[in-house]
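Here is the structure we will look at, set down as structure tokens.
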Amino acid sequence: MNGMDAQQPDVAQSLSPRVRRVLADNPSHFTFTGTQTYIVGTGEVAVIDPGPAEPDHIAGILRATEGEKIVAIVCTHTHRDHSPAARPLADASGAEIVGCAPLSLIDDGPRADAAFDHHYAPDRVLTDGDRLTGPDWTLEAVATPGHTSNHLCYHLVEDNALFTGDHVMGWSTTVVSPPDGDMAAYMESLTKLQERSDALYYPAHGEPVTNPQQFVRGLGGHRKQRERQIMKLVEEGVGVITDMVPRMYKGIDERLYAPAGRSVLAHLIDLRDRGLVNESGGQWQIAA
């Protein structure tokens with residue numbers, strides 16, 4: 001699927017007989033080319049991750065579904081590049097908003113684009129295993145906390161495909177940013193996906209993932225490698241996150257140091273909870 005024509009923002013692109021996508025025009029260091037909004041089904045459709053509340057993007061979704069009925073607006077999580085368009089799209093279409101639970105925190109991290117959507121108010125909250133159905137589609141919620149505590153993926157049963165939101169992205173590893181981002185939960189959710197047999201992933205950023213099990217194994221291995229790097233640095237007496245990041249993320253844009261530091265912090269919190277390190281006055285050390 002990497003050979004597809006380049007996407008135009010706000011213009012629908014067909015991926016399969018049941019799946020279309022509309023790219024939001026919100027590219028950044030954190031969203032890659034932008035947020036992918038997915039339209040599932042024909043005739044009566046579900047819209048997954050409606051994206052930012054940008055009029056052109058909402059108009060693009062409505063153009064793509066002209067002559068059809070949007071019956072459900074489904075959100076994977078409530079970062080503001082994913083869910084704010086839910087309410088205006090619901091107002092325009094009459095569809096209900098379903099999916100992840102509301103979660104509105106003041107994130108003390110640097111990712112302004114990942115701030116929570118304070119206005120998200122679903123008509124119905126889904127939990128692990130809950131299903132939505134249409135004439136030619138069935139979506140089953142798969143709880144995948146880690147990137148956020150309220151994150152859900154959605155299994156398209158008929159295609160054995162999984163909409164992975166930000167839990168698994170098609171271009172980069174996801175940021176796990178405390179206080180809500182939780183590395184232990186993220187790793188457990190990766191294991192959960194690795195034990196599944198999905199044939200294809202549709203991420204919210206980047207291209208479809210056609211080798212899901214191998215891809216998820218790689219993500220887990222990457223996190224374990226980061227953990228080993230952190231432990232080695234702490235053993236060497238490098239106990240401050242701002243000193244760790246340049247050593248761990250050589251060659252990346254320095255503007256990404258701050259969000260990288262959030263994932264390092266998430267690893268350190270996990271290591272602390274496992275009794276391997278401790279912290280005092282902003283300095284991390286090997287636990288006695």
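Letters A, B, ... mark the chains of the structure tokens in the order given; residue numbers begin at 1 per chain; ligand numbers begin at 1, in order shown.
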
- Message: Applying 12 Å and only C-alpha atoms, which residues near range 273-276 of chain A remain after dropping the ones on its own chain fewer than 2 positions away? List them as a list in words.
- Response: Asp182, Met183, Ala184, Glu227, Arg228, Ile230, Met231, Lys232, Val234, Glu235, Ala266, His267, Leu268, Ile269, Asp270, Leu271, Asn278, Glu279, Trp284, Gln285, Ile286, Ala287 and Ala288 of chain A

- Query: Which parts of range 36-176 of chain A does DSSP call strand (DSSP E or B) when run on the backbone here, written out as JSON, numbers by chain?
  - Reply: {"A": [36, 37, 38, 39, 40, 44, 45, 46, 47, 48, 69, 70, 71, 72, 73, 74, 75, 79, 96, 97, 98, 99, 116, 124, 125, 131, 132, 133, 134, 137, 138, 139, 140, 141, 142, 143, 152, 153, 154, 155, 156, 161, 162, 163, 164, 165]}

Counting only C-alpha atoms, which residues in range 4-118 of chain A sit no more than 10 Å from range 164-170 of chain A? For each one, give the nearest pair of atoms and the distance in Å, sorted by chain then residue number, as JSON lines.
```
{"residue": "A:Thr31", "atom": "CA", "partner": "A:Asp166", "partner_atom": "CA", "distance": 9.6}
{"residue": "A:Phe32", "atom": "CA", "partner": "A:Gly170", "partner_atom": "CA", "distance": 9.5}
{"residue": "A:Thr35", "atom": "CA", "partner": "A:Gly165", "partner_atom": "CA", "distance": 9.3}
{"residue": "A:Gln36", "atom": "CA", "partner": "A:Gly165", "partner_atom": "CA", "distance": 8.8}
{"residue": "A:Thr37", "atom": "CA", "partner": "A:Gly165", "partner_atom": "CA", "distance": 9.7}
{"residue": "A:Ile48", "atom": "CA", "partner": "A:Gly165", "partner_atom": "CA", "distance": 8.9}
{"residue": "A:Asp49", "atom": "CA", "partner": "A:Gly165", "partner_atom": "CA", "distance": 7.7}
{"residue": "A:Cys75", "atom": "CA", "partner": "A:Gly165", "partner_atom": "CA", "distance": 8.5}
{"residue": "A:Thr76", "atom": "CA", "partner": "A:Gly165", "partner_atom": "CA", "distance": 5.7}
{"residue": "A:His77", "atom": "CA", "partner": "A:Gly165", "partner_atom": "CA", "distance": 7.7}
{"residue": "A:His79", "atom": "CA", "partner": "A:Asp166", "partner_atom": "CA", "distance": 9.7}
{"residue": "A:His82", "atom": "CA", "partner": "A:Gly165", "partner_atom": "CA", "distance": 8.6}
```

Export C-alpha atoms of the chosen residues as a PDB file, in the first residue's frame?
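What follows is the written file part.pdb:
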```
ATOM      1  CA  THR A  31       1.155  14.070  13.271  1.00  0.00           C
ATOM      2  CA  PHE A  32       3.358  13.259  10.228  1.00  0.00           C
ATOM      3  CA  THR A  35      -4.559  12.780  11.094  1.00  0.00           C
ATOM      4  CA  GLN A  36      -6.227  10.025   9.078  1.00  0.00           C
ATOM      5  CA  THR A  37     -10.016   9.970   9.416  1.00  0.00           C
ATOM      6  CA  ILE A  48     -13.377   6.836  12.977  1.00  0.00           C
ATOM      7  CA  ASP A  49     -11.280   9.670  14.440  1.00  0.00           C
ATOM      8  CA  CYS A  75     -13.071   8.169  18.580  1.00  0.00           C
ATOM      9  CA  THR A  76      -9.946   6.236  19.598  1.00  0.00           C
ATOM     10  CA  HIS A  77      -8.914   8.839  22.202  1.00  0.00           C
ATOM     11  CA  HIS A  79      -6.202  14.266  21.928  1.00  0.00           C
ATOM     12  CA  HIS A  82      -8.466  13.228  16.870  1.00  0.00           C
TER      13      HIS A  82
END
```

- Close residues, Gly51 in chain A itself excluded, 6 Å, only C-alpha atoms, min 6 positions apart in chain, as a VMD selection string: chain A and resid 81 to 83 85

- Item | Distance of CA of Asn150 in chain A from CA of Pro178 in chain A, expressed in Å to one decimal place |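 Spanning CA of Pro178 in chain A to CA of Asn150 in chain A is a straight-line distance of 13.5 Å.
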
- Distance query Gly261 in chain A at most 8 Å, only C-alpha atoms, self and fewer than 4 positions along chain excluded, as a PyMOL selection string: chain A and resi 241-242+245+257+265

- Message: List the spatial neighbours of Met248 in chain A as a VMD selection string - criterion: any atom at most 10 Å away, only C-alpha atoms, same-chain residues fewer than 4 positions off excluded.
- Response: chain A and resid 226 229 to 230 233 243 to 244 252 260 to 261 264

I need the residues from that last selection saved to file as a PDB file, in the first residue's frame (with all heavy atoms), if you can.
```pdb
ATOM      1  N   ARG A 226      15.277   0.947  24.516  1.00  0.00           N
ATOM      2  CA  ARG A 226      15.305   2.232  25.215  1.00  0.00           C
ATOM      3  C   ARG A 226      15.456   2.023  26.719  1.00  0.00           C
ATOM      4  O   ARG A 226      16.200   2.743  27.390  1.00  0.00           O
ATOM      5  CB  ARG A 226      14.027   3.023  24.920  1.00  0.00           C
ATOM      6  CG  ARG A 226      13.909   3.545  23.512  1.00  0.00           C
ATOM      7  CD  ARG A 226      14.959   4.568  23.195  1.00  0.00           C
ATOM      8  NE  ARG A 226      14.729   5.229  21.925  1.00  0.00           N
ATOM      9  CZ  ARG A 226      15.691   5.734  21.163  1.00  0.00           C
ATOM     10  NH1 ARG A 226      16.958   5.644  21.549  1.00  0.00           N
ATOM     11  NH2 ARG A 226      15.403   6.312  20.020  1.00  0.00           N
ATOM     12  N   GLN A 229      19.009   1.236  27.473  1.00  0.00           N
ATOM     13  CA  GLN A 229      19.815   2.455  27.381  1.00  0.00           C
ATOM     14  C   GLN A 229      19.694   3.288  28.645  1.00  0.00           C
ATOM     15  O   GLN A 229      20.695   3.801  29.171  1.00  0.00           O
ATOM     16  CB  GLN A 229      19.377   3.298  26.179  1.00  0.00           C
ATOM     17  CG  GLN A 229      19.802   2.782  24.828  1.00  0.00           C
ATOM     18  CD  GLN A 229      19.317   3.707  23.726  1.00  0.00           C
ATOM     19  OE1 GLN A 229      18.124   3.851  23.497  1.00  0.00           O
ATOM     20  NE2 GLN A 229      20.258   4.360  23.046  1.00  0.00           N
ATOM     21  N   ILE A 230      18.465   3.434  29.126  1.00  0.00           N
ATOM     22  CA  ILE A 230      18.224   4.236  30.317  1.00  0.00           C
ATOM     23  C   ILE A 230      18.919   3.619  31.521  1.00  0.00           C
ATOM     24  O   ILE A 230      19.596   4.319  32.293  1.00  0.00           O
ATOM     25  CB  ILE A 230      16.705   4.392  30.564  1.00  0.00           C
ATOM     26  CG1 ILE A 230      16.081   5.271  29.478  1.00  0.00           C
ATOM     27  CG2 ILE A 230      16.436   4.976  31.952  1.00  0.00           C
ATOM     28  CD1 ILE A 230      14.565   5.221  29.443  1.00  0.00           C
ATOM     29  N   LEU A 233      22.630   4.278  31.346  1.00  0.00           N
ATOM     30  CA  LEU A 233      22.975   5.668  31.650  1.00  0.00           C
ATOM     31  C   LEU A 233      22.875   5.938  33.147  1.00  0.00           C
ATOM     32  O   LEU A 233      23.746   6.601  33.728  1.00  0.00           O
ATOM     33  CB  LEU A 233      22.061   6.617  30.870  1.00  0.00           C
ATOM     34  CG  LEU A 233      22.343   6.726  29.364  1.00  0.00           C
ATOM     35  CD1 LEU A 233      21.226   7.475  28.663  1.00  0.00           C
ATOM     36  CD2 LEU A 233      23.683   7.411  29.105  1.00  0.00           C
ATOM     37  N   ASP A 243      19.906  15.261  30.270  1.00  0.00           N
ATOM     38  CA  ASP A 243      21.230  14.751  29.880  1.00  0.00           C
ATOM     39  C   ASP A 243      21.125  13.408  29.157  1.00  0.00           C
ATOM     40  O   ASP A 243      21.989  13.058  28.347  1.00  0.00           O
ATOM     41  CB  ASP A 243      22.121  14.592  31.114  1.00  0.00           C
ATOM     42  CG  ASP A 243      22.478  15.925  31.755  1.00  0.00           C
ATOM     43  OD1 ASP A 243      22.474  16.944  31.043  1.00  0.00           O
ATOM     44  OD2 ASP A 243      22.750  15.939  32.971  1.00  0.00           O
ATOM     45  N   MET A 244      20.076  12.649  29.470  1.00  0.00           N
ATOM     46  CA  MET A 244      19.900  11.347  28.835  1.00  0.00           C
ATOM     47  C   MET A 244      19.492  11.485  27.368  1.00  0.00           C
ATOM     48  O   MET A 244      19.985  10.749  26.502  1.00  0.00           O
ATOM     49  CB  MET A 244      18.827  10.539  29.567  1.00  0.00           C
ATOM     50  CG  MET A 244      19.178  10.141  30.987  1.00  0.00           C
ATOM     51  SD  MET A 244      17.798   9.183  31.700  1.00  0.00           S
ATOM     52  CE  MET A 244      18.346   9.047  33.399  1.00  0.00           C
ATOM     53  N   ILE A 252      18.385  13.362  16.066  1.00  0.00           N
ATOM     54  CA  ILE A 252      17.027  13.875  15.878  1.00  0.00           C
ATOM     55  C   ILE A 252      17.015  15.394  16.026  1.00  0.00           C
ATOM     56  O   ILE A 252      17.918  15.985  16.622  1.00  0.00           O
ATOM     57  CB  ILE A 252      16.008  13.234  16.848  1.00  0.00           C
ATOM     58  CG1 ILE A 252      16.224  13.722  18.292  1.00  0.00           C
ATOM     59  CG2 ILE A 252      16.022  11.738  16.752  1.00  0.00           C
ATOM     60  CD1 ILE A 252      15.051  13.429  19.194  1.00  0.00           C
ATOM     61  N   ALA A 260      10.633  13.609  23.468  1.00  0.00           N
ATOM     62  CA  ALA A 260      11.406  12.385  23.718  1.00  0.00           C
ATOM     63  C   ALA A 260      11.631  12.214  25.212  1.00  0.00           C
ATOM     64  O   ALA A 260      11.572  11.103  25.745  1.00  0.00           O
ATOM     65  CB  ALA A 260      12.737  12.439  22.973  1.00  0.00           C
ATOM     66  N   GLY A 261      11.865  13.328  25.898  1.00  0.00           N
ATOM     67  CA  GLY A 261      12.049  13.283  27.349  1.00  0.00           C
ATOM     68  C   GLY A 261      10.827  12.785  28.088  1.00  0.00           C
ATOM     69  O   GLY A 261      10.941  12.172  29.161  1.00  0.00           O
ATOM     70  N   VAL A 264      11.063   9.079  27.966  1.00  0.00           N
ATOM     71  CA  VAL A 264      12.098   8.653  28.908  1.00  0.00           C
ATOM     72  C   VAL A 264      11.537   8.675  30.328  1.00  0.00           C
ATOM     73  O   VAL A 264      11.752   7.742  31.117  1.00  0.00           O
ATOM     74  CB  VAL A 264      13.349   9.541  28.797  1.00  0.00           C
ATOM     75  CG1 VAL A 264      14.362   9.196  29.894  1.00  0.00           C
ATOM     76  CG2 VAL A 264      13.998   9.378  27.420  1.00  0.00           C
TER      77      VAL A 264
END
```

- Task: Compare A:Val175, A:Arg272, A:Gly181, A:Val47 by their minimum atom-to-atom distance to Ala258 in chain A, counting only C-alpha atoms, and give me the closest one.
- Result: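 Nearest to Ala258 in chain A: A:Val175.
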
- Residue with smallest distance to Ile39 in chain A - pool A:Ala121, A:Asp56, A:Leu156, A:Ser189, counting only C-alpha atoms: A:Leu156

- Task: Do a neighbour search on Lys192 in chain A at 12 Å with only C-alpha atoms, toss out local chain neighbours closer than 5 positions, and write the hits as a ChimeraX atom specification.
- Result: /A:128,142-146,153,167,185-187,197-198,213,216-217,220

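Here the DSSP assignment of helix (DSSP H, G or I), based on backbone atoms, applies within range 84-202 of chain A to A:Ala86, A:Arg87, A:Pro88, A:Leu89, A:Ala90, A:Asp91, A:Ala92, A:Ser93, A:Ala112, A:Asp113, A:Ala114, A:Val157, A:Glu158, A:Asp159, A:Met183, A:Ala184, A:Ala185, A:Tyr186, A:Met187, A:Glu188, A:Ser189, A:Leu190, A:Thr191, A:Lys192, A:Leu193, A:Gln194.
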
- Message: Neighbouring residues of Phe215 in chain A were defined as those with any atom within 12 Å, considering only C-alpha atoms; residues of the same chain fewer than 6 positions away were excluded. Please report them as an MDAnalysis selection string.
- Response: chainID A and resid 168:173 190:191 193:194 198:201 208:209 221:222

Write out, as a compact mmCIF listing (two decimals), in the first residue's frame, the residues just selected, with all heavy atoms.
```
# COMPACT_ATOMS: atom_id res chain seq x y z
N VAL A 168 -0.57 2.32 17.67
CA VAL A 168 0.42 1.91 16.67
C VAL A 168 0.28 2.86 15.49
O VAL A 168 -0.78 2.92 14.87
CB VAL A 168 0.21 0.46 16.20
CG1 VAL A 168 1.18 0.11 15.08
CG2 VAL A 168 0.37 -0.51 17.37
N MET A 169 1.35 3.61 15.21
CA MET A 169 1.34 4.54 14.08
C MET A 169 2.17 3.95 12.95
O MET A 169 3.04 3.12 13.16
CB MET A 169 1.88 5.90 14.51
CG MET A 169 1.05 6.54 15.61
SD MET A 169 1.40 8.30 15.88
CE MET A 169 3.07 8.25 16.51
N GLY A 170 1.89 4.39 11.74
CA GLY A 170 2.53 3.82 10.57
C GLY A 170 3.86 4.45 10.22
O GLY A 170 4.49 4.05 9.25
N TRP A 171 4.30 5.44 10.99
CA TRP A 171 5.52 6.16 10.60
C TRP A 171 6.52 6.33 11.74
O TRP A 171 7.69 6.60 11.51
CB TRP A 171 5.15 7.55 10.08
CG TRP A 171 4.69 8.49 11.16
CD1 TRP A 171 3.53 8.43 11.86
CD2 TRP A 171 5.40 9.62 11.68
NE1 TRP A 171 3.45 9.44 12.77
CE2 TRP A 171 4.59 10.20 12.68
CE3 TRP A 171 6.63 10.20 11.39
CZ2 TRP A 171 4.96 11.32 13.40
CZ3 TRP A 171 7.00 11.33 12.11
CH2 TRP A 171 6.18 11.88 13.09
N SER A 172 6.10 6.17 12.99
CA SER A 172 6.97 6.44 14.12
C SER A 172 6.39 5.76 15.35
O SER A 172 5.22 5.35 15.35
CB SER A 172 7.07 7.95 14.35
OG SER A 172 7.83 8.25 15.51
N THR A 173 7.21 5.65 16.39
CA THR A 173 6.68 5.19 17.67
C THR A 173 5.86 6.31 18.30
O THR A 173 6.11 7.49 18.07
CB THR A 173 7.81 4.78 18.62
OG1 THR A 173 8.71 5.88 18.76
CG2 THR A 173 8.55 3.57 18.09
N LEU A 190 0.66 -3.51 23.76
CA LEU A 190 1.40 -4.07 22.62
C LEU A 190 1.35 -5.59 22.65
O LEU A 190 1.14 -6.24 21.61
CB LEU A 190 2.85 -3.60 22.64
CG LEU A 190 3.18 -2.19 22.17
CD1 LEU A 190 4.69 -1.98 22.18
CD2 LEU A 190 2.62 -1.90 20.78
N THR A 191 1.55 -6.18 23.83
CA THR A 191 1.49 -7.63 23.96
C THR A 191 0.10 -8.14 23.58
O THR A 191 -0.03 -9.17 22.89
CB THR A 191 1.84 -8.05 25.40
OG1 THR A 191 3.17 -7.64 25.70
CG2 THR A 191 1.72 -9.56 25.58
N LEU A 193 -1.95 -6.84 21.42
CA LEU A 193 -2.09 -6.83 19.97
C LEU A 193 -1.26 -7.93 19.33
O LEU A 193 -1.69 -8.54 18.34
CB LEU A 193 -1.67 -5.47 19.39
CG LEU A 193 -2.55 -4.27 19.69
CD1 LEU A 193 -2.28 -3.16 18.68
CD2 LEU A 193 -4.04 -4.61 19.72
N GLN A 194 -0.08 -8.20 19.89
CA GLN A 194 0.77 -9.24 19.32
C GLN A 194 0.11 -10.61 19.41
O GLN A 194 0.36 -11.48 18.57
CB GLN A 194 2.12 -9.25 20.04
CG GLN A 194 3.19 -10.06 19.32
CD GLN A 194 4.56 -9.89 19.94
OE1 GLN A 194 4.85 -8.89 20.57
NE2 GLN A 194 5.41 -10.88 19.75
N ASP A 198 -4.84 -10.01 13.72
CA ASP A 198 -5.29 -9.03 12.73
C ASP A 198 -4.38 -9.08 11.50
O ASP A 198 -3.16 -9.21 11.61
CB ASP A 198 -5.24 -7.62 13.33
CG ASP A 198 -6.04 -7.53 14.63
OD1 ASP A 198 -7.27 -7.72 14.57
OD2 ASP A 198 -5.43 -7.28 15.68
N ALA A 199 -4.98 -8.94 10.32
CA ALA A 199 -4.22 -9.04 9.08
C ALA A 199 -3.67 -7.70 8.62
O ALA A 199 -2.74 -7.65 7.81
CB ALA A 199 -5.11 -9.62 7.98
N LEU A 200 -4.22 -6.59 9.14
CA LEU A 200 -3.87 -5.27 8.64
C LEU A 200 -4.18 -4.24 9.72
O LEU A 200 -5.16 -4.37 10.45
CB LEU A 200 -4.72 -4.97 7.39
CG LEU A 200 -4.51 -3.66 6.65
CD1 LEU A 200 -3.14 -3.63 5.98
CD2 LEU A 200 -5.61 -3.46 5.61
N TYR A 201 -3.32 -3.23 9.84
CA TYR A 201 -3.59 -2.10 10.73
C TYR A 201 -3.83 -0.84 9.90
O TYR A 201 -3.11 -0.57 8.93
CB TYR A 201 -2.39 -1.81 11.64
CG TYR A 201 -2.12 -2.80 12.75
CD1 TYR A 201 -0.93 -2.70 13.47
CD2 TYR A 201 -3.01 -3.82 13.09
CE1 TYR A 201 -0.64 -3.59 14.50
CE2 TYR A 201 -2.73 -4.71 14.11
CZ TYR A 201 -1.54 -4.59 14.81
OH TYR A 201 -1.25 -5.47 15.82
N PRO A 208 -1.10 2.26 6.01
CA PRO A 208 -1.51 0.98 6.59
C PRO A 208 -0.30 0.08 6.85
O PRO A 208 0.69 0.11 6.11
CB PRO A 208 -2.43 0.38 5.52
CG PRO A 208 -2.97 1.56 4.79
CD PRO A 208 -1.85 2.56 4.76
N VAL A 209 -0.40 -0.71 7.91
CA VAL A 209 0.66 -1.64 8.30
C VAL A 209 0.23 -3.03 7.84
O VAL A 209 -0.77 -3.57 8.32
CB VAL A 209 0.88 -1.61 9.82
CG1 VAL A 209 1.91 -2.65 10.24
CG2 VAL A 209 1.32 -0.22 10.27
N GLY A 221 10.36 -4.39 20.93
CA GLY A 221 11.80 -4.49 21.01
C GLY A 221 12.47 -3.14 21.11
O GLY A 221 13.46 -2.97 21.85
N HIS A 222 11.93 -2.17 20.39
CA HIS A 222 12.47 -0.81 20.45
C HIS A 222 12.34 -0.24 21.86
O HIS A 222 13.28 0.38 22.38
CB HIS A 222 11.73 0.08 19.45
CG HIS A 222 12.05 1.52 19.55
ND1 HIS A 222 13.23 2.06 19.07
CD2 HIS A 222 11.36 2.56 20.10
CE1 HIS A 222 13.25 3.36 19.30
NE2 HIS A 222 12.12 3.69 19.93
```
